Amino acid sequence: MKKIMLSKLTVPFLLAITIFFIPPAAYGQSTIHGKVWKSIDEPAINASVLLLRTNDSSLVKAIICNKDGNYVFKQAQPGSYIVSISMVGYLSAYSSIIPVREANLSFSVDAITMVAEASTLNQVTVVAIKPLLEQKIGRLVINVAASITSAGNTALEVLERAPGVTVDHQNNTLSMNGKNGVVLMINGKISHIPVSALMQLLESMPAGTIERIELITTPPASLDAQGNAGYINIVLKENNTFGTNGSVSATAGYGRGWVTTANMNINHRKGRLNLYGDISYSRSKKPLFVNDNNIFSNSGTITEMTTEVQRVHINPNISARAGIDVEWTKRTVMGLLISGYDNRYTQSEHNTTTILKNRSPDTLIKHNNVEKSHWYNYAANINLQHSFINNGKLLFNLDYIHYHNNQPVSYHSAYFNKNNAYLYDLFFRTSKRTPIRFWVGSVDYSKKLTEHMSMETGIKQTLSSFDNDLGFQTLQQMEWRKDDALSAVYRLKEDYTAAYASFNITLSKTTEAKAG
């Protein structure tokens, strides 16, 4: 590695100015806050508060009132909004229009008092509708299936609107309450994939296949200690109807590129046998255009670099599940589940960089690169559940999970002089192959000890292996040559055992405590 040293005389004359041209809405963000009352002197605790756009009533963000009935929407971009309040037993309420014309300001919404629903004695109709948000002990539940605003969206778009969740597309990170290191679970099982692949998976998962999303900010003792920032548990839809039935759905949209999703599920339940399966497909195409301008001065020479970026990424994904449950006895159920997905992400980028020195053309660089990231997964699960007469329940799970990633990237840079005459080319490419394998076995036991106390305990064994084959090649004299200094093969094996015990105590109708 070469080190470039700047003398003390050079440093004071070095000045750099960077200008990014980005959409006006991103220059600054404001805060919207208000308060909700159930009555004159009683705050609306845990009421659902939705921030909607006035032009199409689309959902921007959803949160829950705190114990004082207060709510705050942060990072609101300039636009026109309305606040919607909903709570079980009360009529939905709406604020007046909130025009956010400037950034970095605080907008206060007039206090809203909820009105109790009136009952009609002529006819009584009982309709069970789950609220969009439910606050439970240690977690917040988003009932995706109960929200019409989730139709046609992806799991990642639903999470972007969830309270406390921040999605950083630029750095491919997912955080909850300001903490990185969130662990994703699907149907209560940890998804052992890197964060970059996790973002691709969520972006290609149709919201139509999801029943609910649980944001677990205080993980119970039964979950692994690795989730220091919390867990996100995605619960997929299940069909418990007897007989043979199923459903088919599809959505399509366009916004600088087509976004299409389709999913189908089928279920056959008869006697002690239940067969089920589902398959979903999604494809999105999203372009991104960026203009970047840098100006810096050194020893009297003013250098200006202007870069135009044209980037397009296409992400098709297909996922499927098939399973069988057999009720051996009235208290014992055995099941087998096979699942998998295939995600092929492609990004093509064309950059043009113009370099001026003292406002005169100096160099022109044209850079093209194509990145592919092919993730596929297949997994198998065998489970056994037995319910005891004394209110105890025993659950056994054995899982095999396999992931594989193939990620080739090719780069080409062409250099031209100030007269736009060709100078030279640079070609290089990288490769990465990453197979990941897991064996996970667990036994869990739960029992209701008293009317107000229950217990859970269990043990788990995990075996994992990880390979990472990295390669770097350059094109020299029409022949690809491997660079051993930038190429390597890594192997990692792990096995660990975990055990837990936890107790859940109901102190009153509104208070629960959990220790583990």
# chains A, B, ... in the order shown; residues from 1 in each chain; ligands from 1

$ residues_around --residues "range 416-433 of chain A" --least-positions-apart "5" --cutoff "8 Å" --atoms "only C-alpha atoms" --output "list of chain:residue names"
A:Pro361, A:Asp362, A:Thr363, A:Leu364, A:Ile365, A:His404, A:Asn405, A:Asn406, A:Gln407, A:Pro408, A:Val409, A:Ser410, A:Tyr411, A:Asp467, A:Asn468, A:Asp469, A:Leu470, A:Gly471, A:Phe472, A:Gln473, A:Thr474, A:Leu475

$ select_by_dssp --residues "range 186-244 of chain A" --states "strand (DSSP E or B)" --output "number ranges by chain"
A: 186, 189-190, 206, 210-216, 231-236, 243-244

$ write_last_selection --atoms "N, CA, C and O atoms" --output "compact mmCIF listing (two decimals), in the first residue's frame"
# COMPACT_ATOMS: atom_id res chain seq x y z
N ILE A 186 -38.76 -15.92 9.89
CA ILE A 186 -39.93 -16.24 9.07
C ILE A 186 -40.65 -17.39 9.74
O ILE A 186 -40.08 -18.47 9.92
N LYS A 189 -38.75 -18.78 12.73
CA LYS A 189 -37.45 -19.42 12.52
C LYS A 189 -36.47 -18.38 11.96
O LYS A 189 -36.79 -17.64 11.03
N ILE A 190 -35.27 -18.36 12.53
CA ILE A 190 -34.26 -17.37 12.14
C ILE A 190 -33.82 -17.61 10.70
O ILE A 190 -33.56 -18.75 10.29
N PRO A 206 -43.84 -10.49 -1.67
CA PRO A 206 -45.13 -9.78 -1.76
C PRO A 206 -45.82 -9.71 -0.40
O PRO A 206 -45.84 -10.68 0.36
N ILE A 210 -48.27 -12.31 3.44
CA ILE A 210 -47.94 -12.11 4.86
C ILE A 210 -49.21 -11.91 5.68
O ILE A 210 -50.09 -11.13 5.31
N GLU A 211 -49.31 -12.62 6.79
CA GLU A 211 -50.42 -12.45 7.73
C GLU A 211 -50.13 -11.29 8.69
O GLU A 211 -50.97 -10.40 8.86
N ARG A 212 -48.94 -11.27 9.29
CA ARG A 212 -48.58 -10.20 10.21
C ARG A 212 -47.06 -10.12 10.33
O ARG A 212 -46.35 -11.07 9.98
N ILE A 213 -46.60 -8.99 10.83
CA ILE A 213 -45.18 -8.78 11.11
C ILE A 213 -45.05 -8.37 12.57
O ILE A 213 -45.73 -7.45 13.02
N GLU A 214 -44.18 -9.05 13.29
CA GLU A 214 -43.97 -8.77 14.72
C GLU A 214 -42.62 -8.09 14.90
O GLU A 214 -41.57 -8.64 14.52
N LEU A 215 -42.64 -6.88 15.46
CA LEU A 215 -41.41 -6.15 15.78
C LEU A 215 -41.09 -6.41 17.25
O LEU A 215 -41.73 -5.83 18.14
N ILE A 216 -40.14 -7.28 17.51
CA ILE A 216 -39.82 -7.72 18.87
C ILE A 216 -38.65 -6.89 19.38
O ILE A 216 -37.48 -7.17 19.09
N TYR A 231 -35.78 -8.39 16.99
CA TYR A 231 -36.14 -9.36 15.97
C TYR A 231 -37.32 -8.85 15.17
O TYR A 231 -38.19 -8.13 15.69
N ILE A 232 -37.35 -9.21 13.89
CA ILE A 232 -38.52 -8.99 13.04
C ILE A 232 -39.01 -10.35 12.59
O ILE A 232 -38.30 -11.08 11.89
N ASN A 233 -40.21 -10.71 13.03
CA ASN A 233 -40.78 -12.02 12.71
C ASN A 233 -41.90 -11.84 11.69
O ASN A 233 -42.90 -11.18 11.96
N ILE A 234 -41.71 -12.41 10.50
CA ILE A 234 -42.71 -12.36 9.43
C ILE A 234 -43.51 -13.66 9.47
O ILE A 234 -42.94 -14.74 9.27
N VAL A 235 -44.81 -13.55 9.73
CA VAL A 235 -45.69 -14.72 9.81
C VAL A 235 -46.49 -14.79 8.50
O VAL A 235 -47.25 -13.87 8.20
N LEU A 236 -46.28 -15.87 7.75
CA LEU A 236 -46.96 -16.03 6.47
C LEU A 236 -48.38 -16.54 6.68
O LEU A 236 -48.70 -17.13 7.71
N GLY A 243 -61.58 -29.18 3.72
CA GLY A 243 -61.86 -29.41 2.30
C GLY A 243 -60.70 -28.97 1.45
O GLY A 243 -59.57 -28.77 1.93
N THR A 244 -60.95 -28.84 0.15
CA THR A 244 -59.93 -28.40 -0.79
C THR A 244 -60.24 -26.98 -1.23
O THR A 244 -61.34 -26.71 -1.72

$ select_by_dssp --residues "range 54-267 of chain A" --states "helix (DSSP H, G or I)" --output "NGL selection string"
:A and (144-146 or 148-150 or 155-160 or 195-203 or 207-209)

$ residues_around --residues "Arg161 in chain A" --least-positions-apart "4" --cutoff "6 Å" --atoms "only C-alpha atoms" --output "ChimeraX atom specification"
/A:60-62

$ residues_around --residues "Pro78 in chain A" --least-positions-apart "6" --cutoff "7 Å" --atoms "only C-alpha atoms" --output "number ranges by chain"
A: 25, 100-103

$ residues_around --residues "Val115 in chain A" --least-positions-apart "2" --cutoff "10 Å" --atoms "only C-alpha atoms" --output "ChimeraX atom specification"
/A:37-39,87,89-93,112-113,117-118

$ write_last_selection --atoms "N, CA, C and O atoms" --output "mmCIF file, in the first residue's frame"
data_model
loop_
_atom_site.group_PDB
_atom_site.id
_atom_site.type_symbol
_atom_site.label_atom_id
_atom_site.label_comp_id
_atom_site.auth_asym_id
_atom_site.auth_seq_id
_atom_site.Cartn_x
_atom_site.Cartn_y
_atom_site.Cartn_z
ATOM 1 N N TRP A 37 -57.058 12.146 22.827
ATOM 2 C CA TRP A 37 -57.762 11.922 24.091
ATOM 3 C C TRP A 37 -58.918 10.952 23.882
ATOM 4 O O TRP A 37 -59.596 10.974 22.855
ATOM 5 N N LYS A 38 -59.144 10.071 24.885
ATOM 6 C CA LYS A 38 -60.338 9.221 24.893
ATOM 7 C C LYS A 38 -61.525 9.986 25.458
ATOM 8 O O LYS A 38 -62.666 9.744 25.093
ATOM 9 N N SER A 39 -61.243 10.866 26.380
ATOM 10 C CA SER A 39 -62.253 11.738 26.967
ATOM 11 C C SER A 39 -61.550 13.040 27.338
ATOM 12 O O SER A 39 -60.402 13.270 26.935
ATOM 13 N N MET A 87 -59.079 3.346 17.102
ATOM 14 C CA MET A 87 -58.983 2.651 18.379
ATOM 15 C C MET A 87 -60.228 1.794 18.548
ATOM 16 O O MET A 87 -61.333 2.191 18.137
ATOM 17 N N GLY A 89 -63.504 0.317 19.712
ATOM 18 C CA GLY A 89 -64.611 0.880 20.473
ATOM 19 C C GLY A 89 -64.853 2.345 20.213
ATOM 20 O O GLY A 89 -65.777 2.934 20.798
ATOM 21 N N TYR A 90 -64.051 2.963 19.312
ATOM 22 C CA TYR A 90 -64.197 4.377 19.020
ATOM 23 C C TYR A 90 -64.228 4.594 17.512
ATOM 24 O O TYR A 90 -63.688 3.801 16.736
ATOM 25 N N LEU A 91 -64.898 5.668 17.095
ATOM 26 C CA LEU A 91 -64.946 6.009 15.685
ATOM 27 C C LEU A 91 -63.595 6.543 15.222
ATOM 28 O O LEU A 91 -62.873 7.187 15.994
ATOM 29 N N SER A 92 -63.257 6.271 13.973
ATOM 30 C CA SER A 92 -62.013 6.803 13.422
ATOM 31 C C SER A 92 -62.098 8.321 13.354
ATOM 32 O O SER A 92 -63.151 8.896 13.072
ATOM 33 N N ALA A 93 -60.984 8.969 13.626
ATOM 34 C CA ALA A 93 -60.929 10.430 13.621
ATOM 35 C C ALA A 93 -59.790 10.901 12.731
ATOM 36 O O ALA A 93 -58.799 10.186 12.544
ATOM 37 N N ILE A 112 -56.935 15.794 19.285
ATOM 38 C CA ILE A 112 -58.100 15.073 18.775
ATOM 39 C C ILE A 112 -58.718 14.275 19.916
ATOM 40 O O ILE A 112 -58.014 13.551 20.631
ATOM 41 N N THR A 113 -60.035 14.400 20.113
ATOM 42 C CA THR A 113 -60.754 13.637 21.128
ATOM 43 C C THR A 113 -61.583 12.558 20.437
ATOM 44 O O THR A 113 -62.392 12.853 19.545
ATOM 45 N N GLU A 117 -68.169 4.592 19.763
ATOM 46 C CA GLU A 117 -69.119 4.105 18.775
ATOM 47 C C GLU A 117 -70.500 3.948 19.400
ATOM 48 O O GLU A 117 -70.641 3.447 20.519
ATOM 49 N N ALA A 118 -71.526 4.365 18.681
ATOM 50 C CA ALA A 118 -72.902 4.198 19.156
ATOM 51 C C ALA A 118 -73.410 2.829 18.753
ATOM 52 O O ALA A 118 -73.104 2.322 17.680
#

$ closest_residue --among "A:Leu105, A:Ile382, A:Leu356, A:Ile137" --to "Pro220 in chain A" --atoms "only C-alpha atoms"
A:Ile137

$ atom_distance --atom1 "CA of Glu371 in chain A" --atom2 "CA of Val312 in chain A"
10.6 Å

$ atom_distance --atom1 "CA of Asp110 in chain A" --atom2 "CA of Leu52 in chain A"
16.2 Å

$ atom_distance --atom1 "CA of Phe289 in chain A" --atom2 "CA of Thr173 in chain A"
21.1 Å

$ residues_around --residues "Glu327 in chain A" --least-positions-apart "6" --cutoff "8 Å" --atoms "only C-alpha atoms" --output "ChimeraX atom specification"
/A:272-273,333-334

$ residues_around --residues "Leu395 in chain A" --least-positions-apart "3" --cutoff "9 Å" --atoms "only C-alpha atoms" --output "count of residues only"
10

$ closest_residue --among "A:Ser360, A:Ser48, A:Thr332, A:Asn377" --to "Ile389 in chain A" --atoms "only C-alpha atoms"
A:Thr332
